[in-house]
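Notes follow the structure.
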Amino acid sequence: MLRKSLWALALLCVVLLAGAVIAVWAPDRAVETLKPRWAAPPSRFIDIGGLQVHLRDVGPRDDPLPIVLIHGTSASLHTWEGWAAALKGQRRVVSFDLPGFGLTGPNTGGDYGIAAYTRFVLDLLDALKVERCVLAGNSLGGEIAWRTAVAAPQRVAKLVLVDAGGYAFTPRSVPLGFQLARMPVVRDLAGSLLPRSLIDRSVREVYGEPSRVSEALVDRYYELTLREGNRKALVQRLGQLLPGADSAPIATLLTPTLILWGGRDRLIPPDHAQAFARDIAGSTLVVFDDLGHVPHEEDPARTVVEVKRFLGIAPGV
């Protein structure tokens, strides 16, 4: 009788374990299966160095200074939808998925260092025949933006830095997904297993007010994370992360700069906003006390007002 009970208990454990695995089973998805939902018009794909880059290019084509938007780690061009909608009536707005993220997916060399991303942005501008632009970026995208302005100041007329990387820092809170991607055993399993709840929690951790995170938003982050090769690319990117390794060039920037920051940013603390404002002569700083690490996504309507003011666009336009 005891033996039968033990067998029954063992069988129950196997069934429960199998059910748990099935619940979090999430193999890579081919990019073609994701395009219908996440690459509807005006999305298109262009070849940059053999990589099919997911891009949106909206607004007047004769704009002499297009606004080019660069997202952060694990995000996509969709993070800028609110800003693009508010700006495209007056300005040309370009957004795209960086290599390793969104629908663009991984590059062939596995190089996700800042220098490689800077070269990529300049190659993108060349492909679009954009001689000069307003360059805006969030987090990783913010660091890419200011480093592009350092490398090619003649190409960047103005900068908008949104909770940008650049200085060495100790985060108050790191999204759980990033933490797990650094753990060897877990990251090896991540190619096939990914609880949606993990993405949900990670997104809420970067918002100032977690209640603003919708199910549709979590769906977007979750499904684009599953794009074939993105999880491996994230592990490689985090392995190449060197925050603050060379922040000295920030003080050499002469580009007119707007600095936007979420006062509840727990990943890159708000005191970094003050550091950027101190080191970039003539820059303008605006802090949104109730917003987090992605203020442009969390409250696009309020944050884009400051962008319009900086660019001389009437707020109501």
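Scheme for the structure tokens: letters A, B, ... for chains in order shown; per-chain residue numbers from 1; ligand numbers from 1 in order shown.
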
Discussion item. As a PyMOL selection string, please: every residue in segment 57-254 of chain A that DSSP puts in strand (DSSP E).
Written reply: chain A and resi 57-58+67-70+93-96+133-138+156-162

Practice prompt. Considering only C-alpha atoms, return as a PyMOL selection string whatever protein or nucleic-acid residues lie within 12 Å of segment 202-219 of chain A, sequence-local ones (same chain, fewer than 3 positions apart) excluded.
Written response: chain A and resi 34+37-38+72-76+78-79+81+139+163+171-180+195-199+222-226+261-269+288-299

Discussion item. I'd like the interatomic distance between atom CA of Gly89 of chain A and atom CA of Asp62 of chain A, to a tenth of an Å.
Written reply: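 These atoms are spaced 12.4 Å apart.
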
Worksheet entry | Contacts of segment 67-69 of chain A at 6 Å (only C-alpha atoms; same-chain gap of 4+ positions) as a PyMOL selection string | chain A and resi 93-95+133-137

Selected residues written out, N, CA, C and O atoms, as a PDB file, in the first residue's frame:
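Saved as selection_30.pdb:
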ATOM      1  N   VAL A  93       9.945  61.676 -38.723  1.00  0.00           N
ATOM      2  CA  VAL A  93      10.334  60.908 -37.537  1.00  0.00           C
ATOM      3  C   VAL A  93      10.740  59.497 -37.963  1.00  0.00           C
ATOM      4  O   VAL A  93       9.969  58.775 -38.596  1.00  0.00           O
ATOM      5  N   VAL A  94      11.957  59.124 -37.602  1.00  0.00           N
ATOM      6  CA  VAL A  94      12.489  57.806 -37.936  1.00  0.00           C
ATOM      7  C   VAL A  94      12.707  57.019 -36.645  1.00  0.00           C
ATOM      8  O   VAL A  94      13.354  57.504 -35.715  1.00  0.00           O
ATOM      9  N   SER A  95      12.154  55.814 -36.596  1.00  0.00           N
ATOM     10  CA  SER A  95      12.404  54.905 -35.473  1.00  0.00           C
ATOM     11  C   SER A  95      12.726  53.540 -36.048  1.00  0.00           C
ATOM     12  O   SER A  95      12.323  53.206 -37.166  1.00  0.00           O
ATOM     13  N   CYS A 133      20.518  65.376 -38.270  1.00  0.00           N
ATOM     14  CA  CYS A 133      19.262  65.006 -37.628  1.00  0.00           C
ATOM     15  C   CYS A 133      19.237  65.463 -36.178  1.00  0.00           C
ATOM     16  O   CYS A 133      20.245  65.909 -35.624  1.00  0.00           O
ATOM     17  N   VAL A 134      18.059  65.354 -35.594  1.00  0.00           N
ATOM     18  CA  VAL A 134      17.896  65.439 -34.146  1.00  0.00           C
ATOM     19  C   VAL A 134      17.918  64.003 -33.657  1.00  0.00           C
ATOM     20  O   VAL A 134      17.122  63.177 -34.111  1.00  0.00           O
ATOM     21  N   LEU A 135      18.826  63.676 -32.768  1.00  0.00           N
ATOM     22  CA  LEU A 135      18.988  62.296 -32.322  1.00  0.00           C
ATOM     23  C   LEU A 135      18.506  62.166 -30.886  1.00  0.00           C
ATOM     24  O   LEU A 135      18.966  62.895 -29.996  1.00  0.00           O
ATOM     25  N   ALA A 136      17.549  61.261 -30.671  1.00  0.00           N
ATOM     26  CA  ALA A 136      16.992  61.047 -29.339  1.00  0.00           C
ATOM     27  C   ALA A 136      17.130  59.583 -28.957  1.00  0.00           C
ATOM     28  O   ALA A 136      16.959  58.699 -29.803  1.00  0.00           O
ATOM     29  N   GLY A 137      17.430  59.323 -27.692  1.00  0.00           N
ATOM     30  CA  GLY A 137      17.574  57.938 -27.274  1.00  0.00           C
ATOM     31  C   GLY A 137      17.268  57.743 -25.810  1.00  0.00           C
ATOM     32  O   GLY A 137      17.461  58.647 -24.993  1.00  0.00           O
TER      33      GLY A 137
END

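Here atom CA of Tyr221 of chain A stands at a distance of 10.2 Å from atom CA of Phe101 of chain A.
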
Worksheet item: Running DSSP on the backbone, which parts of segment 175-274 of chain A land in helix (DSSP H, G or I), as a ChimeraX atom specification?
Response: /A:176-181,184-189,196-206,210-212,215-225,230-239,248-252,271-274

Dump of C-alpha atoms for the selected residues, as an mmCIF file, in the first residue's frame:
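And here is the file that came out, out39.cif:
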data_model
loop_
_atom_site.group_PDB
_atom_site.id
_atom_site.type_symbol
_atom_site.label_atom_id
_atom_site.label_comp_id
_atom_site.auth_asym_id
_atom_site.auth_seq_id
_atom_site.Cartn_x
_atom_site.Cartn_y
_atom_site.Cartn_z
ATOM 1 C CA LEU A 176 14.299 40.352 -13.104
ATOM 2 C CA GLY A 177 14.676 39.384 -16.747
ATOM 3 C CA PHE A 178 18.087 41.089 -16.892
ATOM 4 C CA GLN A 179 19.161 39.371 -13.679
ATOM 5 C CA LEU A 180 18.249 35.920 -14.981
ATOM 6 C CA ALA A 181 19.940 36.546 -18.339
ATOM 7 C CA PRO A 184 24.550 30.690 -16.708
ATOM 8 C CA VAL A 185 22.124 27.837 -15.946
ATOM 9 C CA VAL A 186 18.992 29.956 -16.315
ATOM 10 C CA ARG A 187 20.128 31.655 -19.508
ATOM 11 C CA ASP A 188 20.795 28.252 -21.095
ATOM 12 C CA LEU A 189 17.179 27.309 -20.433
ATOM 13 C CA ARG A 196 5.107 35.657 -19.563
ATOM 14 C CA SER A 197 4.891 36.661 -15.886
ATOM 15 C CA LEU A 198 8.643 37.316 -15.942
ATOM 16 C CA ILE A 199 8.227 39.876 -18.726
ATOM 17 C CA ASP A 200 5.225 41.371 -16.941
ATOM 18 C CA ARG A 201 7.242 41.887 -13.765
ATOM 19 C CA SER A 202 10.274 43.252 -15.627
ATOM 20 C CA VAL A 203 8.207 45.866 -17.483
ATOM 21 C CA ARG A 204 6.448 46.961 -14.302
ATOM 22 C CA GLU A 205 9.828 47.422 -12.597
ATOM 23 C CA VAL A 206 10.865 50.102 -15.097
ATOM 24 C CA PRO A 210 3.205 49.961 -12.488
ATOM 25 C CA SER A 211 -0.561 50.251 -12.897
ATOM 26 C CA ARG A 212 0.086 52.003 -16.228
ATOM 27 C CA GLU A 215 -1.731 43.526 -20.975
ATOM 28 C CA ALA A 216 -1.177 44.663 -24.570
ATOM 29 C CA LEU A 217 2.124 46.270 -23.574
ATOM 30 C CA VAL A 218 3.317 43.076 -21.889
ATOM 31 C CA ASP A 219 2.258 41.102 -24.977
ATOM 32 C CA ARG A 220 4.465 43.300 -27.120
ATOM 33 C CA TYR A 221 7.560 42.932 -24.969
ATOM 34 C CA TYR A 222 6.953 39.201 -24.546
ATOM 35 C CA GLU A 223 6.420 38.347 -28.200
ATOM 36 C CA LEU A 224 9.315 40.447 -29.473
ATOM 37 C CA THR A 225 11.606 38.851 -26.891
ATOM 38 C CA ASN A 230 16.853 37.839 -29.447
ATOM 39 C CA ARG A 231 17.324 35.998 -26.167
ATOM 40 C CA LYS A 232 20.827 34.902 -27.098
ATOM 41 C CA ALA A 233 21.599 38.433 -28.263
ATOM 42 C CA LEU A 234 20.429 39.859 -24.924
ATOM 43 C CA VAL A 235 22.801 37.557 -23.050
ATOM 44 C CA GLN A 236 25.632 38.661 -25.332
ATOM 45 C CA ARG A 237 24.687 42.329 -24.941
ATOM 46 C CA LEU A 238 24.640 42.128 -21.142
ATOM 47 C CA GLY A 239 27.989 40.349 -21.231
ATOM 48 C CA ALA A 248 34.784 61.548 -20.265
ATOM 49 C CA PRO A 249 33.612 62.467 -23.811
ATOM 50 C CA ILE A 250 30.255 63.611 -22.418
ATOM 51 C CA ALA A 251 31.902 66.822 -21.228
ATOM 52 C CA THR A 252 33.157 67.541 -24.755
ATOM 53 C CA ASP A 271 21.308 61.829 -10.079
ATOM 54 C CA HIS A 272 22.698 60.836 -13.476
ATOM 55 C CA ALA A 273 20.399 63.427 -15.004
ATOM 56 C CA GLN A 274 22.170 66.026 -12.897
#

Discussion item. Using Å and a single decimal, report how far atom CA of Ala84 of chain A sits from atom CA of Val58 of chain A.
Written reply: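 Interatomic distance, atom CA of Val58 of chain A to atom CA of Ala84 of chain A: 7.8 Å.
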
Need the shell around Gln90 of chain A: protein/DNA/RNA residues with any atom at most 12 Å away, counting only C-alpha atoms. Skip same-chain ones fewer than 4 positions apart. Format as a PDB file with N, CA, C and O atoms, in the first residue's frame?
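The resulting file, selection_27.pdb, is reproduced below:
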ATOM      1  N   VAL A  58       8.162  58.304 -40.884  1.00  0.00           N
ATOM      2  CA  VAL A  58       6.891  58.992 -41.097  1.00  0.00           C
ATOM      3  C   VAL A  58       7.097  60.506 -41.081  1.00  0.00           C
ATOM      4  O   VAL A  58       8.120  61.002 -40.640  1.00  0.00           O
ATOM      5  N   GLY A  59       6.081  61.229 -41.561  1.00  0.00           N
ATOM      6  CA  GLY A  59       6.144  62.686 -41.561  1.00  0.00           C
ATOM      7  C   GLY A  59       6.656  63.239 -42.869  1.00  0.00           C
ATOM      8  O   GLY A  59       6.958  62.500 -43.814  1.00  0.00           O
ATOM      9  N   PRO A  60       6.774  64.558 -42.963  1.00  0.00           N
ATOM     10  CA  PRO A  60       7.162  65.220 -44.217  1.00  0.00           C
ATOM     11  C   PRO A  60       8.564  64.832 -44.680  1.00  0.00           C
ATOM     12  O   PRO A  60       9.517  64.905 -43.913  1.00  0.00           O
ATOM     13  N   ARG A  61       8.680  64.430 -45.947  1.00  0.00           N
ATOM     14  CA  ARG A  61       9.960  63.960 -46.473  1.00  0.00           C
ATOM     15  C   ARG A  61      10.952  65.092 -46.695  1.00  0.00           C
ATOM     16  O   ARG A  61      12.158  64.844 -46.825  1.00  0.00           O
ATOM     17  N   ASP A  62      10.475  66.336 -46.731  1.00  0.00           N
ATOM     18  CA  ASP A  62      11.379  67.453 -46.988  1.00  0.00           C
ATOM     19  C   ASP A  62      11.928  68.071 -45.702  1.00  0.00           C
ATOM     20  O   ASP A  62      12.556  69.135 -45.743  1.00  0.00           O
ATOM     21  N   ASP A  63      11.711  67.436 -44.571  1.00  0.00           N
ATOM     22  CA  ASP A  63      12.225  67.940 -43.296  1.00  0.00           C
ATOM     23  C   ASP A  63      13.757  67.915 -43.336  1.00  0.00           C
ATOM     24  O   ASP A  63      14.359  66.850 -43.516  1.00  0.00           O
ATOM     25  N   PRO A  64      14.417  69.066 -43.191  1.00  0.00           N
ATOM     26  CA  PRO A  64      15.883  69.084 -43.270  1.00  0.00           C
ATOM     27  C   PRO A  64      16.568  68.465 -42.054  1.00  0.00           C
ATOM     28  O   PRO A  64      17.749  68.111 -42.133  1.00  0.00           O
ATOM     29  N   LEU A  65      15.835  68.342 -40.934  1.00  0.00           N
ATOM     30  CA  LEU A  65      16.411  67.757 -39.722  1.00  0.00           C
ATOM     31  C   LEU A  65      15.458  66.703 -39.145  1.00  0.00           C
ATOM     32  O   LEU A  65      14.719  66.962 -38.183  1.00  0.00           O
ATOM     33  N   PRO A  66      15.440  65.511 -39.713  1.00  0.00           N
ATOM     34  CA  PRO A  66      14.568  64.460 -39.185  1.00  0.00           C
ATOM     35  C   PRO A  66      14.898  64.152 -37.729  1.00  0.00           C
ATOM     36  O   PRO A  66      16.028  64.326 -37.271  1.00  0.00           O
ATOM     37  N   ILE A  67      13.882  63.683 -37.022  1.00  0.00           N
ATOM     38  CA  ILE A  67      14.055  63.253 -35.635  1.00  0.00           C
ATOM     39  C   ILE A  67      14.247  61.741 -35.650  1.00  0.00           C
ATOM     40  O   ILE A  67      13.373  60.993 -36.100  1.00  0.00           O
ATOM     41  N   TRP A  83       5.350  59.436 -29.183  1.00  0.00           N
ATOM     42  CA  TRP A  83       6.096  60.593 -29.679  1.00  0.00           C
ATOM     43  C   TRP A  83       5.956  60.728 -31.194  1.00  0.00           C
ATOM     44  O   TRP A  83       5.767  61.835 -31.711  1.00  0.00           O
ATOM     45  N   ALA A  84       6.070  59.613 -31.908  1.00  0.00           N
ATOM     46  CA  ALA A  84       5.980  59.663 -33.369  1.00  0.00           C
ATOM     47  C   ALA A  84       4.631  60.213 -33.811  1.00  0.00           C
ATOM     48  O   ALA A  84       4.553  61.047 -34.727  1.00  0.00           O
ATOM     49  N   ALA A  85       3.567  59.769 -33.153  1.00  0.00           N
ATOM     50  CA  ALA A  85       2.228  60.246 -33.503  1.00  0.00           C
ATOM     51  C   ALA A  85       2.092  61.742 -33.265  1.00  0.00           C
ATOM     52  O   ALA A  85       1.440  62.462 -34.037  1.00  0.00           O
ATOM     53  N   ALA A  86       2.709  62.240 -32.197  1.00  0.00           N
ATOM     54  CA  ALA A  86       2.602  63.659 -31.847  1.00  0.00           C
ATOM     55  C   ALA A  86       3.485  64.557 -32.709  1.00  0.00           C
ATOM     56  O   ALA A  86       3.208  65.746 -32.849  1.00  0.00           O
ATOM     57  N   LYS A 308       8.785  69.157 -28.012  1.00  0.00           N
ATOM     58  CA  LYS A 308       8.273  70.190 -28.928  1.00  0.00           C
ATOM     59  C   LYS A 308       8.814  71.563 -28.546  1.00  0.00           C
ATOM     60  O   LYS A 308       9.206  72.362 -29.421  1.00  0.00           O
ATOM     61  N   LEU A 311      12.361  71.869 -29.650  1.00  0.00           N
ATOM     62  CA  LEU A 311      12.535  71.935 -31.111  1.00  0.00           C
ATOM     63  C   LEU A 311      11.791  73.103 -31.742  1.00  0.00           C
ATOM     64  O   LEU A 311      11.842  73.285 -32.960  1.00  0.00           O
ATOM     65  N   GLY A 312      11.097  73.892 -30.907  1.00  0.00           N
ATOM     66  CA  GLY A 312      10.385  75.055 -31.433  1.00  0.00           C
ATOM     67  C   GLY A 312       9.093  74.709 -32.156  1.00  0.00           C
ATOM     68  O   GLY A 312       8.681  75.449 -33.054  1.00  0.00           O
ATOM     69  N   ILE A 313       8.461  73.594 -31.771  1.00  0.00           N
ATOM     70  CA  ILE A 313       7.175  73.189 -32.345  1.00  0.00           C
ATOM     71  C   ILE A 313       6.070  73.621 -31.404  1.00  0.00           C
ATOM     72  O   ILE A 313       6.147  73.385 -30.200  1.00  0.00           O
ATOM     73  N   ALA A 314       5.044  74.240 -31.932  1.00  0.00           N
ATOM     74  CA  ALA A 314       3.940  74.700 -31.095  1.00  0.00           C
ATOM     75  C   ALA A 314       3.326  73.493 -30.360  1.00  0.00           C
ATOM     76  O   ALA A 314       3.041  72.470 -30.996  1.00  0.00           O
ATOM     77  N   PRO A 315       3.090  73.584 -29.056  1.00  0.00           N
ATOM     78  CA  PRO A 315       2.590  72.443 -28.259  1.00  0.00           C
ATOM     79  C   PRO A 315       1.310  71.828 -28.795  1.00  0.00           C
ATOM     80  O   PRO A 315       1.117  70.620 -28.715  1.00  0.00           O
ATOM     81  N   GLY A 316       0.414  72.644 -29.341  1.00  0.00           N
ATOM     82  CA  GLY A 316      -0.877  72.128 -29.788  1.00  0.00           C
ATOM     83  C   GLY A 316      -0.863  71.502 -31.153  1.00  0.00           C
ATOM     84  O   GLY A 316      -1.856  70.944 -31.620  1.00  0.00           O
ATOM     85  N   VAL A 317       0.282  71.585 -31.844  1.00  0.00           N
ATOM     86  CA  VAL A 317       0.372  71.085 -33.219  1.00  0.00           C
ATOM     87  C   VAL A 317       0.555  69.567 -33.223  1.00  0.00           C
ATOM     88  O   VAL A 317       1.353  69.052 -32.451  1.00  0.00           O
TER      89      VAL A 317
END

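The neighbours of Leu128 of chain A here are the residues that come within 10 Å of it, using only C-alpha atoms and leaving out any residue fewer than 5 positions away in the same chain; they are Ile46, Asp57, Val94, Leu122 and Asp123 of chain A.
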
Include N, CA, C and O atoms and write out the residues we just selected as a compact mmCIF listing (two decimals), in the first residue's frame.
# COMPACT_ATOMS: atom_id res chain seq x y z
N ILE A 46 14.73 47.51 -44.22
CA ILE A 46 15.79 47.93 -45.14
C ILE A 46 17.07 47.17 -44.80
O ILE A 46 17.29 46.78 -43.65
N ASP A 57 9.37 55.30 -40.88
CA ASP A 57 9.84 56.60 -41.35
C ASP A 57 8.61 57.39 -41.76
O ASP A 57 8.03 57.16 -42.82
N VAL A 94 11.96 59.12 -37.60
CA VAL A 94 12.49 57.81 -37.94
C VAL A 94 12.71 57.02 -36.64
O VAL A 94 13.35 57.50 -35.72
N LEU A 122 25.16 55.40 -37.79
CA LEU A 122 25.69 56.21 -38.90
C LEU A 122 25.42 55.52 -40.24
O LEU A 122 25.09 56.20 -41.23
N ASP A 123 25.52 54.20 -40.28
CA ASP A 123 25.20 53.47 -41.51
C ASP A 123 23.72 53.63 -41.86
O ASP A 123 23.36 53.74 -43.05

Fill in: Counting only C-alpha atoms, the residue of A:Arg309, A:Arg44, A:Arg278, A:His54 that sits nearest Gly105 of chain A
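Between A:Arg309, A:Arg44, A:Arg278, A:His54, the residue approaching Gly105 of chain A most closely is A:His54.
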
Item to complete: Counting only C-alpha atoms, figure out which residue out of A:Asp111, A:Glu143, A:Asp28, A:Glu131 gets nearest to Pro243 of chain A.
Response: A:Glu143
